[in-house]
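Student: Okay, so here is entry02.txt, and as you'll see once you scroll down, it has compact mmCIF, C-alpha atoms.
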# COMPACT_ATOMS: atom_id res chain seq x y z
CA MET P 1 181.77 -29.25 100.64
CA SER P 2 183.32 -28.32 103.92
CA MET P 3 181.62 -26.05 106.43
CA ARG P 4 184.21 -23.37 105.80
CA LEU P 5 183.44 -23.23 102.07
CA PHE P 6 179.71 -23.22 102.74
CA GLU P 7 180.19 -20.25 105.05
CA LEU P 8 182.07 -18.45 102.29
CA MET P 9 179.17 -19.07 99.91
CA LEU P 10 176.70 -17.82 102.52
CA TRP P 11 178.74 -14.68 103.03
CA ALA P 12 178.75 -14.12 99.27
CA ALA P 13 174.99 -14.66 99.16
CA GLY P 14 174.65 -11.97 101.81
CA LYS P 15 176.69 -9.65 99.66
CA THR P 16 174.40 -10.36 96.69
CA VAL P 17 171.38 -9.49 98.84
CA LEU P 18 173.04 -6.32 100.11
CA LEU P 19 174.11 -5.16 96.64
CA SER P 20 170.63 -5.80 95.25
CA ALA P 21 168.84 -4.14 98.17
CA VAL P 22 170.97 -0.99 97.96
CA SER P 23 170.53 -0.83 94.18
CA ILE P 24 166.76 -1.30 94.44
CA MET P 25 166.51 1.51 97.01
CA ILE P 26 168.66 3.96 95.03
CA GLY P 27 166.87 2.87 91.87
CA LEU P 28 163.49 3.57 93.51
CA ALA P 29 164.61 7.10 94.44
CA ILE P 30 165.95 7.83 90.96
CA GLY P 31 162.92 6.10 89.43
CA LEU P 32 160.56 8.39 91.35
CA MET P 33 162.34 11.44 89.98
CA ILE P 34 162.34 10.08 86.43
CA CYS P 35 158.67 9.20 86.76
CA ALA P 36 157.84 12.72 87.99
CA ALA P 37 159.85 14.20 85.12
CA LYS P 38 158.17 11.93 82.59
CA LEU P 39 154.66 12.85 83.80
CA SER P 40 155.50 16.54 83.86
CA PRO P 41 153.83 18.74 81.21
CA ASN P 42 157.17 20.50 80.72
CA LYS P 43 158.81 19.00 77.62
CA LEU P 44 162.28 19.94 78.84
CA LEU P 45 161.72 17.42 81.65
CA SER P 46 159.58 14.77 79.99
CA ILE P 47 161.66 14.25 76.83
CA PRO P 48 164.98 13.55 78.61
CA ALA P 49 163.15 11.27 81.05
CA THR P 50 161.57 9.32 78.18
CA LEU P 51 164.97 9.05 76.52
CA TYR P 52 166.53 7.81 79.77
CA VAL P 53 163.93 5.09 80.19
CA SER P 54 164.24 3.96 76.58
CA LEU P 55 168.05 3.95 76.69
CA PHE P 56 168.51 2.09 79.97
CA ARG P 57 165.81 -0.43 79.08
CA GLY P 58 167.17 -0.92 75.59
CA VAL P 59 170.80 -1.71 76.40
CA PRO P 60 171.88 -5.02 77.97
CA LEU P 61 172.79 -4.59 81.64
CA LEU P 62 176.15 -6.26 80.99
CA VAL P 63 177.03 -3.59 78.43
CA GLN P 64 175.87 -0.84 80.82
CA LEU P 65 178.06 -2.26 83.59
CA LEU P 66 181.11 -2.58 81.36
CA LEU P 67 180.57 0.95 80.04
CA ILE P 68 180.14 2.53 83.47
CA TYR P 69 183.01 0.55 84.98
CA ASN P 70 185.39 1.67 82.23
CA LEU P 71 184.00 5.15 81.71
CA LEU P 72 184.39 6.38 85.30
CA PRO P 73 188.22 6.25 85.34
CA VAL P 74 188.33 7.99 81.94
CA LEU P 75 186.25 10.78 83.44
CA GLY P 76 188.73 10.96 86.31
CA ILE P 77 186.41 9.37 88.87
CA MET P 78 188.27 6.69 90.81
CA VAL P 79 185.89 4.50 92.78
CA PRO P 80 186.00 0.88 93.93
CA SER P 81 184.35 -1.59 91.58
CA VAL P 82 181.50 -2.15 94.07
CA VAL P 83 180.45 1.48 93.64
CA ALA P 84 180.51 1.20 89.85
CA ALA P 85 178.47 -2.01 90.10
CA VAL P 86 175.84 -0.47 92.38
CA ALA P 87 175.70 2.61 90.14
CA GLY P 88 175.12 0.42 87.08
CA LEU P 89 172.43 -1.69 88.75
CA SER P 90 170.69 1.38 90.21
CA LEU P 91 170.64 3.36 86.96
CA CYS P 92 169.24 0.36 85.11
CA THR P 93 166.55 -0.57 87.63
CA ALA P 94 165.58 3.12 87.93
CA ALA P 95 164.40 3.06 84.31
CA TYR P 96 162.21 0.00 84.92
CA GLN P 97 160.89 1.31 88.23
CA ALA P 98 160.06 4.69 86.67
CA GLU P 99 157.81 2.88 84.19
CA ASN P 100 156.17 0.83 86.95
CA LEU P 101 155.55 3.94 89.04
CA ARG P 102 154.15 5.79 86.05
CA GLY P 103 151.68 2.95 85.57
CA GLY P 104 150.74 3.20 89.25
CA PHE P 105 150.26 6.96 89.27
CA GLN P 106 148.24 6.88 86.08
CA SER P 107 145.91 4.22 87.48
CA VAL P 108 144.81 6.33 90.44
CA PRO P 109 141.07 6.77 89.83
CA ARG P 110 140.26 10.27 88.57
CA GLY P 111 137.16 10.47 90.72
CA LEU P 112 139.24 10.35 93.91
CA LEU P 113 141.26 13.36 92.79
CA GLU P 114 138.13 15.25 91.73
CA ALA P 115 136.62 14.53 95.14
CA ALA P 116 139.82 15.79 96.80
CA ASP P 117 139.58 18.95 94.72
CA MET P 118 135.99 19.41 95.81
CA VAL P 119 136.86 19.27 99.50
CA GLY P 120 139.66 21.77 98.86
CA MET P 121 142.74 19.61 99.35
CA SER P 122 145.94 21.29 98.21
CA PRO P 123 147.87 19.54 95.39
CA TRP P 124 150.60 18.56 97.87
CA LYS P 125 148.10 17.05 100.27
CA GLN P 126 146.46 15.21 97.38
CA LEU P 127 149.85 13.77 96.52
CA THR P 128 150.79 12.63 100.01
CA ARG P 129 147.34 11.49 101.14
CA ILE P 130 145.83 10.05 97.98
CA ARG P 131 148.00 9.69 94.92
CA ALA P 132 151.21 8.39 96.51
CA PRO P 133 149.63 5.79 98.84
CA ILE P 134 147.38 4.39 96.10
CA ALA P 135 150.13 4.41 93.49
CA PHE P 136 152.47 2.66 95.93
CA ARG P 137 149.93 -0.05 96.64
CA LEU P 138 149.36 -0.53 92.91
CA THR P 139 153.10 -0.72 92.13
CA LEU P 140 154.08 -3.04 94.97
CA PRO P 141 153.74 -6.28 92.95
CA ALA P 142 155.84 -4.78 90.16
CA LEU P 143 158.41 -3.62 92.72
CA VAL P 144 158.73 -7.12 94.16
CA ASN P 145 159.09 -8.47 90.64
CA GLU P 146 161.80 -5.93 89.89
CA ALA P 147 163.61 -6.82 93.13
CA ILE P 148 163.74 -10.46 92.02
CA LEU P 149 164.97 -9.47 88.57
CA ILE P 150 167.72 -7.33 90.09
CA LEU P 151 168.72 -10.14 92.49
CA LYS P 152 169.30 -12.36 89.47
CA ALA P 153 170.83 -9.60 87.35
CA SER P 154 173.30 -8.79 90.15
CA SER P 155 175.15 -11.95 89.10
CA LEU P 156 176.47 -9.86 86.19
CA VAL P 157 178.49 -7.58 88.47
CA SER P 158 180.84 -10.54 88.86
CA VAL P 159 182.36 -9.54 85.51
CA VAL P 160 183.55 -6.19 86.87
CA GLY P 161 185.35 -7.94 89.70
CA VAL P 162 182.88 -7.61 92.56
CA ILE P 163 182.93 -10.69 94.79
CA GLU P 164 179.31 -11.78 95.19
CA LEU P 165 177.59 -15.13 95.00
CA THR P 166 178.33 -15.88 91.33
CA ARG P 167 181.94 -14.70 91.53
CA MET P 168 182.50 -16.71 94.72
CA ALA P 169 181.14 -19.84 93.05
CA GLN P 170 183.41 -19.12 90.09
CA ASN P 171 186.48 -18.72 92.30
CA LEU P 172 185.75 -21.78 94.42
CA SER P 173 185.00 -24.01 91.45
CA ALA P 174 188.17 -22.86 89.72
CA SER P 175 190.32 -23.70 92.74
CA SER P 176 188.61 -26.99 93.58
CA PHE P 177 187.73 -28.25 90.05
CA ARG P 178 184.18 -28.86 91.19
CA PRO P 179 182.06 -26.49 89.10
CA LEU P 180 178.97 -28.72 89.26
CA LEU P 181 178.87 -28.52 93.03
CA PHE P 182 179.54 -24.84 93.49
CA TYR P 183 177.32 -23.54 90.68
CA SER P 184 174.49 -25.79 91.90
CA VAL P 185 174.86 -24.48 95.44
CA ALA P 186 174.95 -20.90 94.11
CA GLY P 187 171.83 -21.58 92.03
CA ALA P 188 170.05 -23.06 95.05
CA MET P 189 170.94 -20.01 97.12
CA TYR P 190 169.57 -17.65 94.44
CA LEU P 191 166.43 -19.76 94.34
CA VAL P 192 165.91 -19.55 98.11
CA ILE P 193 166.52 -15.78 98.12
CA CYS P 194 164.04 -15.27 95.27
CA TRP P 195 161.41 -17.40 96.99
CA VAL P 196 161.84 -15.48 100.24
CA VAL P 197 161.46 -12.14 98.44
CA ALA P 198 158.43 -13.38 96.50
CA GLY P 199 156.85 -14.74 99.69
CA GLY P 200 157.53 -11.52 101.58
CA GLY P 201 156.06 -9.56 98.70
CA SER P 202 152.78 -11.44 98.64
CA LEU P 203 152.58 -11.18 102.45
CA ALA P 204 153.02 -7.41 102.22
CA GLU P 205 150.37 -7.22 99.51
CA ARG P 206 147.90 -9.11 101.66
CA MET P 207 148.61 -6.88 104.64
CA LEU P 208 148.12 -3.74 102.55
CA LYS P 209 144.89 -5.15 101.19
CA THR P 210 143.40 -5.71 104.65
CA GLY P 211 144.53 -2.23 105.64
CA SER P 212 142.80 -0.57 102.71
CA ARG P 213 139.37 0.92 103.11
CA ALA P 214 138.59 1.28 99.45
CA MET F 1 188.71 12.97 77.47
CA SER F 2 188.68 12.35 73.76
CA LEU F 3 186.85 9.60 71.95
CA ASP F 4 188.06 8.21 68.64
CA PHE F 5 185.40 6.01 67.11
CA ASP F 6 187.40 5.41 63.90
CA LEU F 7 189.57 2.99 65.89
CA ILE F 8 186.51 0.78 66.19
CA PHE F 9 185.08 1.29 62.70
CA GLU F 10 188.38 0.09 61.20
CA ARG F 11 187.37 -3.39 62.29
CA LEU F 12 183.87 -3.33 60.83
CA PRO F 13 184.03 -6.74 59.05
CA GLU F 14 184.71 -8.55 62.32
CA ILE F 15 181.89 -6.66 63.99
CA LEU F 16 179.49 -7.64 61.21
CA SER F 17 180.29 -11.32 61.53
CA ALA F 18 179.79 -11.07 65.30
CA PHE F 19 176.49 -9.36 64.61
CA TRP F 20 175.36 -12.39 62.60
CA VAL F 21 176.32 -14.70 65.46
CA THR F 22 174.19 -12.64 67.84
CA ILE F 23 171.26 -12.56 65.42
CA TRP F 24 171.21 -16.23 64.51
CA ILE F 25 171.61 -17.44 68.08
CA TRP F 26 168.81 -15.10 69.06
CA VAL F 27 166.48 -16.12 66.24
CA VAL F 28 167.13 -19.88 66.46
CA SER F 29 166.90 -20.07 70.25
CA ASN F 30 163.70 -18.03 70.29
CA ILE F 31 161.99 -20.07 67.59
CA LEU F 32 162.95 -23.32 69.34
CA ALA F 33 161.87 -21.92 72.70
CA VAL F 34 158.46 -20.81 71.42
CA PHE F 35 157.69 -24.33 70.22
CA LEU F 36 159.21 -26.03 73.26
CA GLY F 37 157.49 -23.55 75.57
CA PHE F 38 154.17 -24.30 73.92
CA GLY F 39 154.90 -28.01 74.29
CA VAL F 40 155.74 -27.62 77.98
CA ALA F 41 152.58 -25.59 78.64
CA THR F 42 150.48 -28.14 76.75
CA LEU F 43 152.02 -31.13 78.58
CA ARG F 44 151.49 -29.39 81.89
CA ARG F 45 147.84 -28.80 81.05
CA TYR F 46 146.90 -32.12 79.45
CA GLY F 47 149.60 -34.51 80.69
CA PRO F 48 149.59 -36.55 83.88
CA ARG F 49 149.83 -34.73 87.19
CA TRP F 50 153.34 -35.92 88.05
CA LEU F 51 154.60 -34.47 84.76
CA ASP F 52 152.95 -31.14 85.54
CA LEU F 53 154.68 -31.03 88.94
CA LEU F 54 158.04 -32.02 87.48
CA LEU F 55 157.88 -29.43 84.69
CA ARG F 56 156.68 -26.80 87.12
CA LEU F 57 159.68 -27.46 89.36
CA LEU F 58 162.05 -27.18 86.39
CA VAL F 59 160.44 -23.95 85.22
CA GLU F 60 160.63 -22.50 88.72
CA ILE F 61 164.31 -23.42 89.01
CA ILE F 62 165.18 -21.88 85.66
CA ARG F 63 163.19 -18.72 86.38
CA GLY F 64 164.58 -18.39 89.89
CA THR F 65 168.28 -18.56 89.08
CA PRO F 66 170.46 -16.14 87.09
CA PHE F 67 171.05 -16.96 83.44
CA LEU F 68 174.78 -16.53 84.03
CA VAL F 69 174.84 -19.25 86.71
CA GLN F 70 172.93 -21.60 84.40
CA LEU F 71 175.44 -20.94 81.64
CA PHE F 72 178.39 -21.58 83.97
CA LEU F 73 176.79 -24.79 85.17
CA LEU F 74 176.28 -25.96 81.59
CA TYR F 75 179.60 -24.81 80.18
CA PHE F 76 181.96 -25.55 83.06
CA GLY F 77 179.96 -28.23 84.87
CA GLY F 78 178.79 -30.02 81.73
CA PRO F 79 182.12 -31.76 80.96
CA PHE F 80 181.98 -33.47 84.37
CA ILE F 81 178.81 -35.31 83.36
CA GLY F 82 179.98 -36.01 79.81
CA LEU F 83 178.49 -32.93 78.18
CA SER F 84 181.45 -31.11 76.64
CA LEU F 85 180.13 -28.34 74.43
CA ASP F 86 181.88 -25.62 72.48
CA PRO F 87 180.86 -22.06 73.37
CA ILE F 88 178.35 -21.59 70.55
CA PRO F 89 176.38 -24.85 71.07
CA ALA F 90 176.51 -24.29 74.84
CA GLY F 91 175.24 -20.74 74.39
CA LEU F 92 172.50 -21.85 72.03
CA LEU F 93 171.41 -24.64 74.37
CA GLY F 94 171.52 -22.37 77.41
CA MET F 95 169.51 -19.64 75.68
CA THR F 96 166.94 -22.15 74.44
CA VAL F 97 166.40 -23.79 77.83
CA TYR F 98 166.24 -20.43 79.59
CA SER F 99 163.74 -18.90 77.17
CA THR F 100 161.65 -22.08 77.02
CA ALA F 101 160.87 -21.70 80.72
CA TYR F 102 159.68 -18.13 80.23
CA TYR F 103 157.72 -18.85 77.04
CA SER F 104 156.02 -21.82 78.70
CA GLU F 105 154.69 -19.48 81.40
CA ILE F 106 153.37 -17.12 78.73
CA PHE F 107 151.55 -19.98 77.02
CA ARG F 108 150.23 -21.29 80.34
CA ALA F 109 148.70 -17.87 81.02
CA GLY F 110 147.40 -17.89 77.43
CA TYR F 111 145.63 -21.23 77.93
CA ASN F 112 144.04 -19.92 81.11
CA ALA F 113 142.86 -16.73 79.42
CA ILE F 114 140.79 -18.52 76.77
CA PRO F 115 137.11 -18.39 77.75
CA PRO F 116 136.05 -21.92 78.82
CA GLY F 117 132.83 -21.48 76.86
CA HIS F 118 134.74 -21.75 73.58
CA VAL F 119 136.15 -25.13 74.56
CA GLU F 120 132.77 -26.32 75.85
CA ALA F 121 131.11 -25.28 72.59
CA ALA F 122 133.76 -27.20 70.63
CA GLN F 123 133.15 -30.28 72.79
CA CYS F 124 129.42 -29.98 72.21
CA VAL F 125 129.81 -30.12 68.44
CA GLY F 126 131.99 -33.22 68.88
CA LEU F 127 135.52 -31.97 68.24
CA THR F 128 138.26 -34.25 69.56
CA ARG F 129 140.84 -32.99 72.04
CA GLY F 130 143.48 -32.70 69.27
CA GLN F 131 141.07 -30.74 67.09
CA ILE F 132 140.19 -28.44 69.98
CA ILE F 133 143.86 -27.71 70.60
CA ARG F 134 144.67 -27.16 66.93
CA ARG F 135 141.60 -25.29 65.79
CA ILE F 136 140.37 -23.43 68.86
CA LEU F 137 143.08 -23.05 71.49
CA VAL F 138 146.14 -22.42 69.33
CA PRO F 139 144.62 -19.76 67.06
CA GLU F 140 142.98 -17.92 69.93
CA MET F 141 146.07 -18.15 72.08
CA THR F 142 148.37 -16.90 69.34
CA MET F 143 146.55 -13.59 69.40
CA LEU F 144 146.48 -13.46 73.20
CA VAL F 145 150.17 -14.16 73.77
CA LEU F 146 151.66 -12.29 70.82
CA PRO F 147 152.44 -9.07 72.73
CA GLN F 148 154.14 -10.99 75.56
CA CYS F 149 156.09 -13.10 73.08
CA VAL F 150 157.37 -9.97 71.38
CA ASN F 151 158.39 -8.58 74.77
CA MET F 152 160.12 -11.81 75.69
CA ALA F 153 161.99 -11.95 72.39
CA ILE F 154 163.25 -8.42 73.01
CA LEU F 155 164.36 -9.34 76.54
CA MET F 156 166.21 -12.31 75.09
CA MET F 157 167.98 -10.07 72.57
CA LYS F 158 169.55 -8.31 75.55
CA GLU F 159 170.33 -11.59 77.29
CA THR F 160 172.49 -12.67 74.33
CA ALA F 161 175.12 -10.21 75.60
CA ILE F 162 175.67 -12.52 78.59
CA LEU F 163 176.84 -15.27 76.22
CA SER F 164 180.05 -13.26 75.80
CA ILE F 165 181.07 -14.36 79.31
CA ILE F 166 181.34 -17.99 78.18
CA THR F 167 183.29 -16.75 75.11
CA VAL F 168 180.60 -17.09 72.46
CA PRO F 169 181.98 -14.85 69.67
CA GLU F 170 178.93 -12.59 69.58
CA LEU F 171 178.69 -8.83 69.47
CA THR F 172 179.63 -7.97 73.05
CA LEU F 173 182.67 -10.26 73.14
CA VAL F 174 184.02 -9.20 69.74
CA VAL F 175 183.42 -5.48 70.15
CA GLY F 176 184.91 -5.63 73.67
CA ALA F 177 187.98 -7.45 72.39
CA ILE F 178 188.43 -4.95 69.55
CA GLY F 179 188.08 -2.15 72.09
CA SER F 180 190.84 -3.62 74.23
CA GLN F 181 193.16 -4.25 71.29
CA GLN F 182 192.69 -0.71 69.92
CA TYR F 183 192.97 0.88 73.38
CA ALA F 184 189.47 2.27 72.86
CA PHE F 185 187.32 0.20 75.22
CA VAL F 186 184.99 3.04 76.23
CA GLU F 187 184.34 3.96 72.60
CA ALA F 188 183.67 0.31 71.83
CA MET F 189 181.18 -0.08 74.69
CA PHE F 190 179.52 3.18 73.75
CA LEU F 191 178.93 2.05 70.17
CA LEU F 192 177.83 -1.34 71.40
CA ALA F 193 175.24 0.23 73.71
CA LEU F 194 173.88 2.40 70.88
CA PHE F 195 173.74 -0.63 68.63
CA TYR F 196 171.75 -2.75 71.09
CA TRP F 197 169.47 0.20 71.76
CA PHE F 198 168.77 0.53 68.06
CA LEU F 199 168.12 -3.23 67.72
CA VAL F 200 165.77 -3.29 70.72
CA GLU F 201 163.82 -0.23 69.58
CA LEU F 202 163.60 -1.64 66.06
CA SER F 203 162.28 -5.01 67.23
CA GLY F 204 159.78 -3.26 69.49
CA PHE F 205 158.60 -1.17 66.54
CA LEU F 206 158.28 -4.20 64.26
CA GLY F 207 156.48 -6.11 67.01
CA ARG F 208 153.92 -3.32 67.39
CA ILE F 209 153.30 -3.33 63.62
CA ALA F 210 152.77 -7.09 63.68
CA GLU F 211 150.32 -6.77 66.57
CA ALA F 212 148.38 -4.04 64.79
CA LYS F 213 148.20 -6.10 61.58
CA LEU F 214 147.05 -9.23 63.39
CA SER F 215 144.66 -7.53 65.77
CA LYS F 216 141.79 -7.94 63.33
CA PHE F 217 141.89 -11.67 64.07
CA ARG F 218 141.29 -11.04 67.75
CA PHE F 219 138.13 -12.69 69.08
CA ALA F 220 135.61 -10.81 71.14
CA HIS F 221 136.18 -11.25 74.85
CA SER F 222 133.32 -12.72 76.75
Translate the structure of the given file into structure tokens.

Tutor:
Amino acid sequence: MSMRLFELMLWAAGKTVLLSAVSIMIGLAIGLMICAAKLSPNKLLSIPATLYVSLFRGVPLLVQLLLIYNLLPVLGIMVPSVVAAVAGLSLCTAAYQAENLRGGFQSVPRGLLEAADMVGMSPWKQLTRIRAPIAFRLTLPALVNEAILILKASSLVSVVGVIELTRMAQNLSASSFRPLLFYSVAGAMYLVICWVVAGGGSLAERMLKTGSRA
Amino acid sequence: MSLDFDLIFERLPEILSAFWVTIWIWVVSNILAVFLGFGVATLRRYGPRWLDLLLRLLVEIIRGTPFLVQLFLLYFGGPFIGLSLDPIPAGLLGMTVYSTAYYSEIFRAGYNAIPPGHVEAAQCVGLTRGQIIRRILVPEMTMLVLPQCVNMAILMMKETAILSIITVPELTLVVGAIGSQQYAFVEAMFLLALFYWFLVELSGFLGRIAEAKLSKFRFAHS
């Protein structure tokens, strides 16, 4: 493989990382809202949130992507395929992240909140000082896991015409008749990216652990 | 925007046969993968060290790369090393290899979760290694790993949709093709999504029933 082709693959790997990172971030924001809605005592909020989580976790991502990609133009929304792809990935990961966050928030020890009540902390202060930091620390491993899953799942956006690592490997192997080479290189790049994310995740966990006073 | 679902329902027989393709690939690959995954976990635990390292590397590679890339490598790269497979065998093989890696990790965790005292007690009364595996480890582990196996099987149900990309005539491919031919792609995808949702919720429900029924066999944790 020439240097030029390798550079193309690297560029595509960068695009995969970018797509996944943006989707994870948007998914985290949506996931927080869904999680808040699901934990809310108001049924008008919690039932739709539960339905959302069940629906987006119960349908294959490929089907979600195809549906969103083809539904948007029917609704009169004309966007580039990258936007549809990021929307699909974000909506899907939001459902998983909402569940992870719910687990985190529900595992905050009750005693801490009772103690906060005793010293007269307002509910908002309890959220920002106690519940959110602890829940974040508890969900971090799940978040890293989800990031790796989305990195791998982002290969599916190749079917809606977004040029990322998988699509690039597909194009290059079609034009050079060397699928073994290009798919192996693509696989190796995914592997390296996943290892880096996993390594960074466990580093962050260790740092948070030493910073905790509990 | 108007949706006409009758355009899709007209082709119900084709959809049903695609449904069977999805179901049998899913069932066969999962059953194979459970046994192979158990074998891999057992070899890694009781086999020589080099085998453990080799299998671990393979499992890491399979778990660290997208299923789609693995399928492309097998389906398009295979013929270059003398492995020319039709879509269905390639899909079945790909699914089996992919799920084996994940199941083997479940069983590895299951082996580690069994209290060592049970094995020591079995050794004390003179059970052989084969007997310990068959009569102590396997029954105890079955209960421990059942929930994760159900989860994994459900995840794999959703992964079968990816087989459509290498033209396995399963549900997603056939319903998508019908949608294109009838100029009703959105309707087709909508029905498809509802269908998978129903399948996934149903398998989750059945899995929970199975767990509840079998939970009486659970041993007390030490």

Student: Kindly provide the residues of chain P that approach chain F to within 9 Å, each paired with its closest atom pair and their distance in Å to one decimal, based on only C-alpha atoms, listed by chain and increasing number, as a Markdown table.

Tutor:
| residue | atom | partner | partner_atom | distance |
| --- | --- | --- | --- | --- |
| P:Ser54 | CA | F:Trp197 | CA | 8.0 |
| P:Leu55 | CA | F:Trp197 | CA | 6.4 |
| P:Phe56 | CA | F:Trp197 | CA | 8.5 |
| P:Arg57 | CA | F:Trp197 | CA | 8.2 |
| P:Gly58 | CA | F:Trp197 | CA | 4.6 |
| P:Val59 | CA | F:Trp197 | CA | 5.2 |
| P:Pro60 | CA | F:Lys158 | CA | 4.7 |
| P:Leu61 | CA | F:Lys158 | CA | 7.8 |
| P:Leu62 | CA | F:Ile162 | CA | 6.7 |
| P:Val63 | CA | F:Ala193 | CA | 6.3 |
| P:Gln64 | CA | F:Ala193 | CA | 7.2 |
| P:Leu66 | CA | F:Met189 | CA | 7.1 |
| P:Leu67 | CA | F:Met189 | CA | 5.5 |
| P:Ile68 | CA | F:Val186 | CA | 8.7 |
| P:Asn70 | CA | F:Val186 | CA | 6.2 |
| P:Leu71 | CA | F:Val186 | CA | 6.0 |
| P:Val74 | CA | F:Met1 | CA | 6.7 |
| P:Leu75 | CA | F:Met1 | CA | 6.8 |
| P:Ile148 | CA | F:Gly64 | CA | 8.3 |
| P:Leu149 | CA | F:Pro66 | CA | 8.8 |
| P:Leu151 | CA | F:Pro66 | CA | 8.3 |
| P:Lys152 | CA | F:Pro66 | CA | 4.6 |
| P:Ala153 | CA | F:Pro66 | CA | 6.6 |
| P:Ser154 | CA | F:Pro66 | CA | 8.5 |
| P:Ser155 | CA | F:Pro66 | CA | 6.6 |
| P:Leu156 | CA | F:Leu68 | CA | 7.2 |
| P:Val159 | CA | F:Ile165 | CA | 8.0 |
| P:Thr166 | CA | F:Val69 | CA | 6.7 |
| P:Ala169 | CA | F:Val69 | CA | 9.0 |
| P:Gln170 | CA | F:Phe72 | CA | 8.3 |
| P:Arg178 | CA | F:Gly77 | CA | 7.6 |
| P:Pro179 | CA | F:Gly77 | CA | 5.0 |
| P:Leu180 | CA | F:Gly77 | CA | 4.5 |
| P:Leu181 | CA | F:Gly77 | CA | 8.2 |
| P:Phe182 | CA | F:Leu73 | CA | 8.8 |
| P:Tyr183 | CA | F:Leu73 | CA | 5.7 |
| P:Ser184 | CA | F:Leu73 | CA | 7.2 |
| P:Ala186 | CA | F:Val69 | CA | 7.6 |
| P:Gly187 | CA | F:Thr65 | CA | 5.5 |
| P:Ala188 | CA | F:Thr65 | CA | 7.7 |
| P:Met189 | CA | F:Thr65 | CA | 8.6 |
| P:Tyr190 | CA | F:Thr65 | CA | 5.6 |
| P:Leu191 | CA | F:Gly64 | CA | 5.0 |
| P:Val192 | CA | F:Gly64 | CA | 8.4 |
| P:Ile193 | CA | F:Gly64 | CA | 8.8 |
| P:Cys194 | CA | F:Gly64 | CA | 6.2 |
| P:Trp195 | CA | F:Gly64 | CA | 7.8 |

Student: State, in Å with one decimal place, the distance from atom CA of F:Gly179 to atom CA of F:Leu16.

Tutor: 14.9 Å

Student: Excluding stretch 90-99 of chain P and any residue of its chain fewer than 2 positions from it, enumerate the residues within 9 Å of it, using all atoms listed in the file, and give them as number ranges by chain.

Tutor: P: 20, 22-36, 38, 49, 52-57, 61, 64, 85-88, 101-104, 139, 142-143, 146-147, 150

Student: How many Å lie between atom CA of P:Met168 and atom CA of P:Met9, rounded to one decimal?

Tutor: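 Separating atom CA of P:Met168 from atom CA of P:Met9 is a distance of 6.6 Å.
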
Student: If we count all atoms listed in the file and set the cut-off at 9 Å, which residues sit around P:Glu205, ignoring sequence neighbours fewer than 5 positions away in its own chain? Please answer as a list in words.

Tutor: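 Within the cut-off, the hits are Arg137, Leu140, Pro141, Gly200 and Thr210 of chain P.
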
Student: Quick one: distance from atom CA of F:Leu171 to atom CA of F:Pro87 in Å, one decimal?

Tutor: 14.0 Å

Student: List the spatial neighbours of F:Asp52 as a list in words - criterion: any atom at most 9 Å away, only C-alpha atoms, same-chain residues fewer than 5 positions off excluded.

Tutor: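 Those residues are Val40, Ala41, Leu43, Arg44, Arg45, Tyr46, Gly47 and Leu57 of chain F.
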